[in-house]
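Written below as C-alpha coordinates is the structure these notes are about.
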Amino acid sequence: MSKSINSDRKGYYNALEQTTGYIKKDNPMDITFWCEWFLTTLHNALVEAIESIEHVVDKARFWDKHRESGINERQTKVLNMILDRGVNHPQSGLTTKKYMKMAQTTSATASRDIKGLLSFGCIEQVEGTGGRSVRYLVLV
(Lines give C-alpha, C1' and ligand atoms only; values in the text may rest on other atoms or scores of the structure.)
Protein backbone atom coordinates (compact mmCIF):
# COMPACT_ATOMS: atom_id res chain seq x y z
CA MET A 1 0.00 0.00 0.00
CA SER A 2 2.82 2.42 0.83
CA LYS A 3 4.23 1.93 -2.68
CA SER A 4 0.88 2.92 -4.21
CA ILE A 5 0.53 5.93 -1.92
CA ASN A 6 4.09 6.98 -2.67
CA SER A 7 3.50 6.74 -6.42
CA ASP A 8 0.45 9.03 -6.12
CA ARG A 9 1.73 11.60 -3.62
CA LYS A 10 -0.07 14.44 -5.40
CA GLY A 11 -3.37 12.60 -5.12
CA TYR A 12 -2.68 11.79 -1.48
CA TYR A 13 -1.97 15.40 -0.53
CA ASN A 14 -4.92 16.60 -2.61
CA ALA A 15 -7.21 14.16 -0.78
CA LEU A 16 -5.90 15.37 2.58
CA GLU A 17 -6.36 19.02 1.59
CA GLN A 18 -9.91 18.33 0.45
CA THR A 19 -10.88 16.65 3.71
CA THR A 20 -9.02 18.48 6.50
CA GLY A 21 -10.62 21.89 6.05
CA TYR A 22 -7.56 23.33 4.34
CA ILE A 23 -9.47 23.97 1.10
CA LYS A 24 -13.12 23.38 1.99
CA LYS A 25 -13.63 25.48 5.10
CA ASP A 26 -17.43 25.03 5.10
CA ASN A 27 -17.52 21.27 5.87
CA PRO A 28 -14.16 19.88 7.04
CA MET A 29 -15.76 16.64 8.30
CA ASP A 30 -16.77 15.42 4.81
CA ILE A 31 -14.20 12.71 4.11
CA THR A 32 -15.90 11.32 1.01
CA PHE A 33 -13.13 12.51 -1.32
CA TRP A 34 -10.42 10.95 0.85
CA CYS A 35 -12.35 7.65 1.15
CA GLU A 36 -12.75 7.46 -2.63
CA TRP A 37 -9.05 8.16 -3.15
CA PHE A 38 -8.03 5.65 -0.47
CA LEU A 39 -10.25 2.85 -1.80
CA THR A 40 -9.04 3.42 -5.36
CA THR A 41 -5.44 3.36 -4.17
CA LEU A 42 -6.09 0.22 -2.12
CA HIS A 43 -7.64 -1.47 -5.14
CA ASN A 44 -4.62 -0.55 -7.29
CA ALA A 45 -2.26 -1.85 -4.61
CA LEU A 46 -4.12 -5.16 -4.42
CA VAL A 47 -4.11 -5.58 -8.21
CA GLU A 48 -0.37 -4.86 -8.26
CA ALA A 49 0.22 -7.35 -5.42
CA ILE A 50 -1.71 -10.07 -7.25
CA GLU A 51 0.28 -9.44 -10.44
CA SER A 52 3.52 -9.62 -8.48
CA ILE A 53 2.50 -12.88 -6.82
CA GLU A 54 1.44 -14.37 -10.17
CA HIS A 55 4.82 -13.38 -11.60
CA VAL A 56 6.69 -15.16 -8.78
CA VAL A 57 4.45 -18.23 -9.07
CA ASP A 58 4.98 -18.38 -12.86
CA LYS A 59 8.74 -18.25 -12.40
CA ALA A 60 8.66 -20.94 -9.69
CA ARG A 61 6.45 -23.17 -11.87
CA PHE A 62 8.81 -22.73 -14.80
CA TRP A 63 11.86 -23.79 -12.78
CA ASP A 64 9.96 -26.68 -11.16
CA LYS A 65 9.05 -27.93 -14.61
CA HIS A 66 12.59 -27.60 -15.99
CA ARG A 67 14.56 -28.55 -12.87
CA GLU A 68 15.95 -31.72 -14.46
CA SER A 69 16.26 -30.41 -18.03
CA GLY A 70 20.03 -30.02 -18.04
CA ILE A 71 19.95 -26.28 -18.66
CA ASN A 72 23.45 -24.78 -18.58
CA GLU A 73 24.58 -21.62 -16.74
CA ARG A 74 24.24 -19.32 -19.77
CA GLN A 75 20.75 -20.58 -20.48
CA THR A 76 19.78 -20.19 -16.82
CA LYS A 77 21.13 -16.64 -16.77
CA VAL A 78 19.20 -15.62 -19.89
CA LEU A 79 15.99 -17.34 -18.80
CA ASN A 80 16.16 -15.69 -15.37
CA MET A 81 16.67 -12.28 -16.97
CA ILE A 82 13.57 -12.79 -19.11
CA LEU A 83 11.51 -14.31 -16.29
CA ASP A 84 12.51 -11.48 -13.92
CA ARG A 85 11.25 -8.97 -16.46
CA GLY A 86 8.06 -10.96 -16.93
CA VAL A 87 7.02 -13.02 -19.92
CA ASN A 88 4.33 -10.47 -20.80
CA HIS A 89 6.85 -7.62 -20.85
CA PRO A 90 7.18 -6.07 -24.34
CA GLN A 91 10.90 -6.95 -24.41
CA SER A 92 10.51 -10.51 -23.17
CA GLY A 93 11.00 -12.02 -26.62
CA LEU A 94 14.30 -13.68 -27.43
CA THR A 95 16.45 -13.51 -30.53
CA THR A 96 19.90 -14.92 -31.20
CA LYS A 97 21.39 -11.44 -31.10
CA LYS A 98 19.66 -10.68 -27.81
CA TYR A 99 20.82 -14.01 -26.39
CA MET A 100 24.41 -13.22 -27.42
CA LYS A 101 24.25 -9.88 -25.61
CA MET A 102 22.60 -11.25 -22.46
CA ALA A 103 24.89 -14.30 -22.16
CA GLN A 104 27.95 -12.49 -23.52
CA THR A 105 28.67 -15.29 -25.92
CA THR A 106 29.29 -15.97 -29.61
CA SER A 107 26.69 -16.47 -32.31
CA ALA A 108 27.46 -20.20 -32.61
CA THR A 109 27.11 -20.76 -28.86
CA ALA A 110 23.92 -18.70 -28.74
CA SER A 111 22.41 -20.74 -31.58
CA ARG A 112 23.38 -24.00 -29.86
CA ASP A 113 21.95 -22.84 -26.53
CA ILE A 114 18.70 -21.70 -28.17
CA LYS A 115 18.34 -25.08 -29.91
CA GLY A 116 18.82 -26.72 -26.53
CA LEU A 117 16.13 -24.52 -24.96
CA LEU A 118 13.78 -25.44 -27.81
CA SER A 119 14.42 -29.16 -27.27
CA PHE A 120 13.85 -28.78 -23.50
CA GLY A 121 10.52 -27.08 -24.19
CA CYS A 122 11.58 -23.88 -22.42
CA ILE A 123 10.96 -21.63 -25.41
CA GLU A 124 9.02 -21.72 -28.64
CA GLN A 125 9.48 -19.95 -31.93
CA VAL A 126 7.08 -17.11 -32.57
CA GLU A 127 4.79 -18.06 -35.42
CA GLY A 128 5.54 -16.19 -38.63
CA THR A 129 9.18 -15.47 -37.77
CA GLY A 130 12.16 -17.08 -39.40
CA GLY A 131 15.65 -16.60 -40.75
CA ARG A 132 17.45 -13.61 -39.29
CA SER A 133 14.28 -12.27 -37.71
CA VAL A 134 13.37 -15.45 -35.83
CA ARG A 135 12.03 -14.76 -32.35
CA TYR A 136 11.29 -16.99 -29.40
CA LEU A 137 9.05 -16.76 -26.36
CA VAL A 138 9.60 -18.38 -22.97
CA LEU A 139 6.91 -20.93 -22.15
CA VAL A 140 5.66 -20.55 -18.59
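Letters A, B, ... go to the chains of the C-alpha coordinates in the order shown; residues in each chain start at 1; ligands are counted from 1 in the same order.
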Notebook entry, point to check: Got a sec to tell me which of region 89-122 of chain A DSSP assigns to helix (DSSP H, G or I), as an MDAnalysis selection string?
Noted result: chainID A and resid 96:103 107:120
With region 80-100 of chain A as the partner and 10 Å as the cut-off, tabulate the residues of region 106-137 of chain A that qualify, each row holding the nearest pair of atoms and their distance in Å to one decimal, using only C-alpha atoms, sorted by chain and rising number, as CSV.
residue,atom,partner,partner_atom,distance
A:Thr106,CA,A:Met100,CA,6.0
A:Ser107,CA,A:Met100,CA,6.3
A:Ala108,CA,A:Met100,CA,9.2
A:Thr109,CA,A:Met100,CA,8.1
A:Ala110,CA,A:Met100,CA,5.7
A:Ser111,CA,A:Thr96,CA,6.4
A:Arg112,CA,A:Thr96,CA,9.8
A:Asp113,CA,A:Tyr99,CA,8.9
A:Ile114,CA,A:Thr96,CA,7.5
A:Ile123,CA,A:Leu94,CA,8.9
A:Glu124,CA,A:Leu94,CA,9.7
A:Gln125,CA,A:Leu94,CA,9.1
A:Val126,CA,A:Gly93,CA,8.8
A:Arg132,CA,A:Thr96,CA,8.6
A:Ser133,CA,A:Thr95,CA,7.6
A:Val134,CA,A:Thr95,CA,6.4
A:Arg135,CA,A:Thr95,CA,4.9
A:Tyr136,CA,A:Leu94,CA,4.9
A:Leu137,CA,A:Gly93,CA,5.1
Atoms to include: N, CA and C atoms. Write the selected residues as a PDB file, in the first residue's frame.
ATOM      1  N   THR A 106      29.196 -16.052 -28.151  1.00  0.00           N
ATOM      2  CA  THR A 106      29.285 -15.970 -29.611  1.00  0.00           C
ATOM      3  C   THR A 106      27.977 -16.391 -30.261  1.00  0.00           C
ATOM      4  N   SER A 107      27.886 -16.120 -31.540  1.00  0.00           N
ATOM      5  CA  SER A 107      26.691 -16.472 -32.309  1.00  0.00           C
ATOM      6  C   SER A 107      26.479 -17.987 -32.339  1.00  0.00           C
ATOM      7  N   ALA A 108      27.569 -18.736 -32.538  1.00  0.00           N
ATOM      8  CA  ALA A 108      27.464 -20.195 -32.608  1.00  0.00           C
ATOM      9  C   ALA A 108      26.976 -20.772 -31.278  1.00  0.00           C
ATOM     10  N   THR A 109      27.523 -20.272 -30.175  1.00  0.00           N
ATOM     11  CA  THR A 109      27.114 -20.765 -28.860  1.00  0.00           C
ATOM     12  C   THR A 109      25.667 -20.374 -28.575  1.00  0.00           C
ATOM     13  N   ALA A 110      25.295 -19.156 -28.949  1.00  0.00           N
ATOM     14  CA  ALA A 110      23.919 -18.704 -28.742  1.00  0.00           C
ATOM     15  C   ALA A 110      22.945 -19.585 -29.515  1.00  0.00           C
ATOM     16  N   SER A 111      23.273 -19.888 -30.759  1.00  0.00           N
ATOM     17  CA  SER A 111      22.407 -20.744 -31.579  1.00  0.00           C
ATOM     18  C   SER A 111      22.282 -22.136 -30.966  1.00  0.00           C
ATOM     19  N   ARG A 112      23.390 -22.681 -30.497  1.00  0.00           N
ATOM     20  CA  ARG A 112      23.381 -24.001 -29.863  1.00  0.00           C
ATOM     21  C   ARG A 112      22.529 -23.980 -28.583  1.00  0.00           C
ATOM     22  N   ASP A 113      22.713 -22.946 -27.772  1.00  0.00           N
ATOM     23  CA  ASP A 113      21.945 -22.840 -26.534  1.00  0.00           C
ATOM     24  C   ASP A 113      20.451 -22.687 -26.808  1.00  0.00           C
ATOM     25  N   ILE A 114      20.113 -21.897 -27.813  1.00  0.00           N
ATOM     26  CA  ILE A 114      18.699 -21.705 -28.167  1.00  0.00           C
ATOM     27  C   ILE A 114      18.091 -23.018 -28.653  1.00  0.00           C
ATOM     28  N   ILE A 123      11.346 -22.736 -24.531  1.00  0.00           N
ATOM     29  CA  ILE A 123      10.959 -21.632 -25.413  1.00  0.00           C
ATOM     30  C   ILE A 123      10.286 -22.206 -26.645  1.00  0.00           C
ATOM     31  N   GLU A 124       9.590 -21.326 -27.349  1.00  0.00           N
ATOM     32  CA  GLU A 124       9.018 -21.721 -28.636  1.00  0.00           C
ATOM     33  C   GLU A 124       9.224 -20.589 -29.622  1.00  0.00           C
ATOM     34  N   GLN A 125       9.299 -20.957 -30.889  1.00  0.00           N
ATOM     35  CA  GLN A 125       9.481 -19.950 -31.930  1.00  0.00           C
ATOM     36  C   GLN A 125       8.162 -19.229 -32.155  1.00  0.00           C
ATOM     37  N   VAL A 126       8.263 -17.914 -32.291  1.00  0.00           N
ATOM     38  CA  VAL A 126       7.076 -17.110 -32.567  1.00  0.00           C
ATOM     39  C   VAL A 126       6.620 -17.413 -33.986  1.00  0.00           C
ATOM     40  N   ARG A 132      16.770 -14.547 -40.189  1.00  0.00           N
ATOM     41  CA  ARG A 132      17.451 -13.612 -39.294  1.00  0.00           C
ATOM     42  C   ARG A 132      16.509 -12.952 -38.295  1.00  0.00           C
ATOM     43  N   SER A 133      15.236 -12.939 -38.607  1.00  0.00           N
ATOM     44  CA  SER A 133      14.276 -12.266 -37.715  1.00  0.00           C
ATOM     45  C   SER A 133      13.512 -13.256 -36.830  1.00  0.00           C
ATOM     46  N   VAL A 134      14.045 -14.454 -36.653  1.00  0.00           N
ATOM     47  CA  VAL A 134      13.367 -15.454 -35.828  1.00  0.00           C
ATOM     48  C   VAL A 134      13.369 -14.975 -34.378  1.00  0.00           C
ATOM     49  N   ARG A 135      12.202 -15.151 -33.748  1.00  0.00           N
ATOM     50  CA  ARG A 135      12.035 -14.755 -32.345  1.00  0.00           C
ATOM     51  C   ARG A 135      11.466 -15.923 -31.565  1.00  0.00           C
ATOM     52  N   TYR A 136      11.751 -15.917 -30.279  1.00  0.00           N
ATOM     53  CA  TYR A 136      11.290 -16.986 -29.396  1.00  0.00           C
ATOM     54  C   TYR A 136      10.629 -16.383 -28.171  1.00  0.00           C
ATOM     55  N   LEU A 137       9.703 -17.145 -27.603  1.00  0.00           N
ATOM     56  CA  LEU A 137       9.048 -16.757 -26.356  1.00  0.00           C
ATOM     57  C   LEU A 137       9.275 -17.842 -25.318  1.00  0.00           C
TER      58      LEU A 137
END
Using only C-alpha atoms, which residue out of A:Gln75, A:Thr41, A:Asn6, A:Thr32 lies closest to Gln18 (chain A)?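 For Gln18 (chain A), the nearest of the given residues is A:Thr32.
Residue nearest Lys3 (chain A), chosen from A:Ser119, A:Asn44, A:Thr20, A:Gln104 and counting only C-alpha atoms: A:Asn44.
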What separation in Å, quoted to one decimal, exists between CA of Arg9 (chain A) and CA of His43 (chain A)?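 If I compute the distance from CA of Arg9 (chain A) to CA of His43 (chain A), I get 16.2 Å.
In this model, the gap between CA of Val78 (chain A) and CA of Ala45 (chain A) comes to 29.7 Å.
Nearest to Thr40 (chain A) of all the residues A:Asp8, A:Asp64, A:Glu17, A:Glu54 is A:Asp8, counting only C-alpha atoms.
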Based on DSSP run over this structure's backbone, return all residues of chain A in strand (DSSP E or B), as a PDB file with N, CA, C and O atoms, in the first residue's frame.
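What follows is the written file selection-v4.pdb:
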ATOM      1  N   LEU A  94      12.892 -13.318 -27.340  1.00  0.00           N
ATOM      2  CA  LEU A  94      14.300 -13.678 -27.426  1.00  0.00           C
ATOM      3  C   LEU A  94      14.696 -13.844 -28.882  1.00  0.00           C
ATOM      4  O   LEU A  94      13.959 -14.423 -29.675  1.00  0.00           O
ATOM      5  N   ILE A 123      11.346 -22.736 -24.531  1.00  0.00           N
ATOM      6  CA  ILE A 123      10.959 -21.632 -25.413  1.00  0.00           C
ATOM      7  C   ILE A 123      10.286 -22.206 -26.645  1.00  0.00           C
ATOM      8  O   ILE A 123      10.391 -23.398 -26.926  1.00  0.00           O
ATOM      9  N   GLU A 124       9.590 -21.326 -27.349  1.00  0.00           N
ATOM     10  CA  GLU A 124       9.018 -21.721 -28.636  1.00  0.00           C
ATOM     11  C   GLU A 124       9.224 -20.589 -29.622  1.00  0.00           C
ATOM     12  O   GLU A 124       9.315 -19.419 -29.244  1.00  0.00           O
ATOM     13  N   GLN A 125       9.299 -20.957 -30.889  1.00  0.00           N
ATOM     14  CA  GLN A 125       9.481 -19.950 -31.930  1.00  0.00           C
ATOM     15  C   GLN A 125       8.162 -19.229 -32.155  1.00  0.00           C
ATOM     16  O   GLN A 125       7.097 -19.843 -32.177  1.00  0.00           O
ATOM     17  N   TYR A 136      11.751 -15.917 -30.279  1.00  0.00           N
ATOM     18  CA  TYR A 136      11.290 -16.986 -29.396  1.00  0.00           C
ATOM     19  C   TYR A 136      10.629 -16.383 -28.171  1.00  0.00           C
ATOM     20  O   TYR A 136      10.953 -15.274 -27.761  1.00  0.00           O
ATOM     21  N   LEU A 137       9.703 -17.145 -27.603  1.00  0.00           N
ATOM     22  CA  LEU A 137       9.048 -16.757 -26.356  1.00  0.00           C
ATOM     23  C   LEU A 137       9.275 -17.842 -25.318  1.00  0.00           C
ATOM     24  O   LEU A 137       9.258 -19.030 -25.641  1.00  0.00           O
ATOM     25  N   VAL A 138       9.453 -17.426 -24.078  1.00  0.00           N
ATOM     26  CA  VAL A 138       9.602 -18.377 -22.971  1.00  0.00           C
ATOM     27  C   VAL A 138       8.225 -18.937 -22.641  1.00  0.00           C
ATOM     28  O   VAL A 138       7.245 -18.207 -22.535  1.00  0.00           O
TER      29      VAL A 138
END
TODO: Can you work out which one of A:Met29, A:Leu39, A:Ser52, A:Lys77 has the shortest atom-to-atom distance to Tyr12 (chain A), counting only C-alpha atoms?
DONE: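 The closest residue to Tyr12 (chain A) is A:Leu39.
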(Q) Would you pick out the contacts of Ser69 (chain A) at 10 Å or less, using only C-alpha atoms, so that residues sharing its chain but fewer than 2 positions from it are not included, and give the list as a PyMOL selection string? (A) chain A and resi 63+65-67+71-72+116-117+119-122
Go ahead and save the residues from that selection, with all heavy atoms, as an mmCIF file, in the first residue's frame.
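Saved as result.cif:
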data_model
loop_
_atom_site.group_PDB
_atom_site.id
_atom_site.type_symbol
_atom_site.label_atom_id
_atom_site.label_comp_id
_atom_site.auth_asym_id
_atom_site.auth_seq_id
_atom_site.Cartn_x
_atom_site.Cartn_y
_atom_site.Cartn_z
ATOM 1 N N TRP A 63 10.655 -23.104 -13.240
ATOM 2 C CA TRP A 63 11.859 -23.794 -12.778
ATOM 3 C C TRP A 63 11.539 -25.164 -12.193
ATOM 4 O O TRP A 63 12.365 -26.090 -12.290
ATOM 5 C CB TRP A 63 12.658 -22.930 -11.810
ATOM 6 C CG TRP A 63 13.365 -21.831 -12.556
ATOM 7 C CD1 TRP A 63 13.175 -20.500 -12.412
ATOM 8 C CD2 TRP A 63 14.327 -21.991 -13.585
ATOM 9 N NE1 TRP A 63 13.978 -19.803 -13.295
ATOM 10 C CE2 TRP A 63 14.699 -20.696 -14.030
ATOM 11 C CE3 TRP A 63 14.930 -23.085 -14.198
ATOM 12 C CZ2 TRP A 63 15.637 -20.478 -15.028
ATOM 13 C CZ3 TRP A 63 15.867 -22.864 -15.209
ATOM 14 C CH2 TRP A 63 16.221 -21.579 -15.611
ATOM 15 N N LYS A 65 9.257 -27.120 -13.405
ATOM 16 C CA LYS A 65 9.046 -27.928 -14.608
ATOM 17 C C LYS A 65 10.369 -28.300 -15.279
ATOM 18 O O LYS A 65 10.520 -29.402 -15.799
ATOM 19 C CB LYS A 65 8.156 -27.153 -15.593
ATOM 20 C CG LYS A 65 7.831 -27.886 -16.863
ATOM 21 C CD LYS A 65 6.920 -27.040 -17.735
ATOM 22 C CE LYS A 65 6.642 -27.691 -19.063
ATOM 23 N NZ LYS A 65 5.831 -26.827 -19.934
ATOM 24 N N HIS A 66 11.333 -27.388 -15.247
ATOM 25 C CA HIS A 66 12.585 -27.596 -15.992
ATOM 26 C C HIS A 66 13.779 -27.875 -15.077
ATOM 27 O O HIS A 66 14.926 -27.722 -15.495
ATOM 28 C CB HIS A 66 12.868 -26.383 -16.870
ATOM 29 C CG HIS A 66 11.817 -26.160 -17.903
ATOM 30 N ND1 HIS A 66 11.672 -26.987 -19.002
ATOM 31 C CD2 HIS A 66 10.835 -25.245 -18.002
ATOM 32 C CE1 HIS A 66 10.652 -26.568 -19.728
ATOM 33 N NE2 HIS A 66 10.121 -25.511 -19.144
ATOM 34 N N ARG A 67 13.499 -28.296 -13.856
ATOM 35 C CA ARG A 67 14.560 -28.552 -12.874
ATOM 36 C C ARG A 67 15.565 -29.586 -13.368
ATOM 37 O O ARG A 67 16.759 -29.442 -13.178
ATOM 38 C CB ARG A 67 13.930 -29.024 -11.572
ATOM 39 C CG ARG A 67 14.921 -29.220 -10.459
ATOM 40 C CD ARG A 67 14.263 -29.654 -9.178
ATOM 41 N NE ARG A 67 13.141 -28.764 -8.873
ATOM 42 C CZ ARG A 67 12.036 -29.147 -8.271
ATOM 43 N NH1 ARG A 67 11.885 -30.383 -7.892
ATOM 44 N NH2 ARG A 67 11.071 -28.293 -8.025
ATOM 45 N N ILE A 71 19.710 -27.638 -18.177
ATOM 46 C CA ILE A 71 19.955 -26.283 -18.663
ATOM 47 C C ILE A 71 21.298 -25.798 -18.117
ATOM 48 O O ILE A 71 21.571 -25.917 -16.930
ATOM 49 C CB ILE A 71 18.815 -25.343 -18.211
ATOM 50 C CG1 ILE A 71 17.499 -25.810 -18.829
ATOM 51 C CG2 ILE A 71 19.109 -23.902 -18.550
ATOM 52 C CD1 ILE A 71 16.277 -25.103 -18.302
ATOM 53 N N ASN A 72 22.134 -25.243 -19.016
ATOM 54 C CA ASN A 72 23.454 -24.782 -18.579
ATOM 55 C C ASN A 72 23.385 -23.392 -17.943
ATOM 56 O O ASN A 72 22.330 -22.765 -17.897
ATOM 57 C CB ASN A 72 24.462 -24.836 -19.734
ATOM 58 C CG ASN A 72 24.168 -23.848 -20.836
ATOM 59 O OD1 ASN A 72 23.740 -22.718 -20.595
ATOM 60 N ND2 ASN A 72 24.417 -24.256 -22.075
ATOM 61 N N GLY A 116 18.998 -25.926 -27.746
ATOM 62 C CA GLY A 116 18.821 -26.721 -26.530
ATOM 63 C C GLY A 116 17.562 -26.323 -25.781
ATOM 64 O O GLY A 116 16.798 -27.174 -25.331
ATOM 65 N N LEU A 117 17.328 -25.014 -25.648
ATOM 66 C CA LEU A 117 16.130 -24.525 -24.958
ATOM 67 C C LEU A 117 14.857 -24.950 -25.689
ATOM 68 O O LEU A 117 13.850 -25.268 -25.062
ATOM 69 C CB LEU A 117 16.180 -23.005 -24.800
ATOM 70 C CG LEU A 117 17.241 -22.470 -23.837
ATOM 71 C CD1 LEU A 117 17.288 -20.948 -23.887
ATOM 72 C CD2 LEU A 117 16.985 -22.961 -22.423
ATOM 73 N N SER A 119 14.589 -27.712 -27.497
ATOM 74 C CA SER A 119 14.420 -29.156 -27.272
ATOM 75 C C SER A 119 13.947 -29.456 -25.849
ATOM 76 O O SER A 119 13.240 -30.441 -25.629
ATOM 77 C CB SER A 119 15.726 -29.899 -27.561
ATOM 78 O OG SER A 119 16.697 -29.592 -26.587
ATOM 79 N N PHE A 120 14.315 -28.599 -24.874
ATOM 80 C CA PHE A 120 13.855 -28.782 -23.497
ATOM 81 C C PHE A 120 12.415 -28.316 -23.314
ATOM 82 O O PHE A 120 11.799 -28.581 -22.290
ATOM 83 C CB PHE A 120 14.729 -28.013 -22.514
ATOM 84 C CG PHE A 120 16.167 -28.452 -22.469
ATOM 85 C CD1 PHE A 120 17.168 -27.522 -22.276
ATOM 86 C CD2 PHE A 120 16.518 -29.778 -22.612
ATOM 87 C CE1 PHE A 120 18.501 -27.904 -22.214
ATOM 88 C CE2 PHE A 120 17.850 -30.175 -22.556
ATOM 89 C CZ PHE A 120 18.840 -29.234 -22.361
ATOM 90 N N GLY A 121 11.876 -27.601 -24.294
ATOM 91 C CA GLY A 121 10.517 -27.080 -24.188
ATOM 92 C C GLY A 121 10.431 -25.814 -23.351
ATOM 93 O O GLY A 121 9.361 -25.469 -22.855
ATOM 94 N N CYS A 122 11.545 -25.121 -23.208
ATOM 95 C CA CYS A 122 11.579 -23.879 -22.418
ATOM 96 C C CYS A 122 11.085 -22.685 -23.228
ATOM 97 O O CYS A 122 10.527 -21.740 -22.672
ATOM 98 C CB CYS A 122 12.997 -23.578 -21.950
ATOM 99 S SG CYS A 122 13.677 -24.820 -20.848
#
### Task
Would you mind telling me which residue in A:Ser2, A:Thr105, A:Asn14, A:Thr129 lies nearest to Ala49 (chain A) when using only C-alpha atoms?
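Checking each of A:Ser2, A:Thr105, A:Asn14, A:Thr129 against Ala49 (chain A), counting only C-alpha atoms, the winner is A:Ser2.
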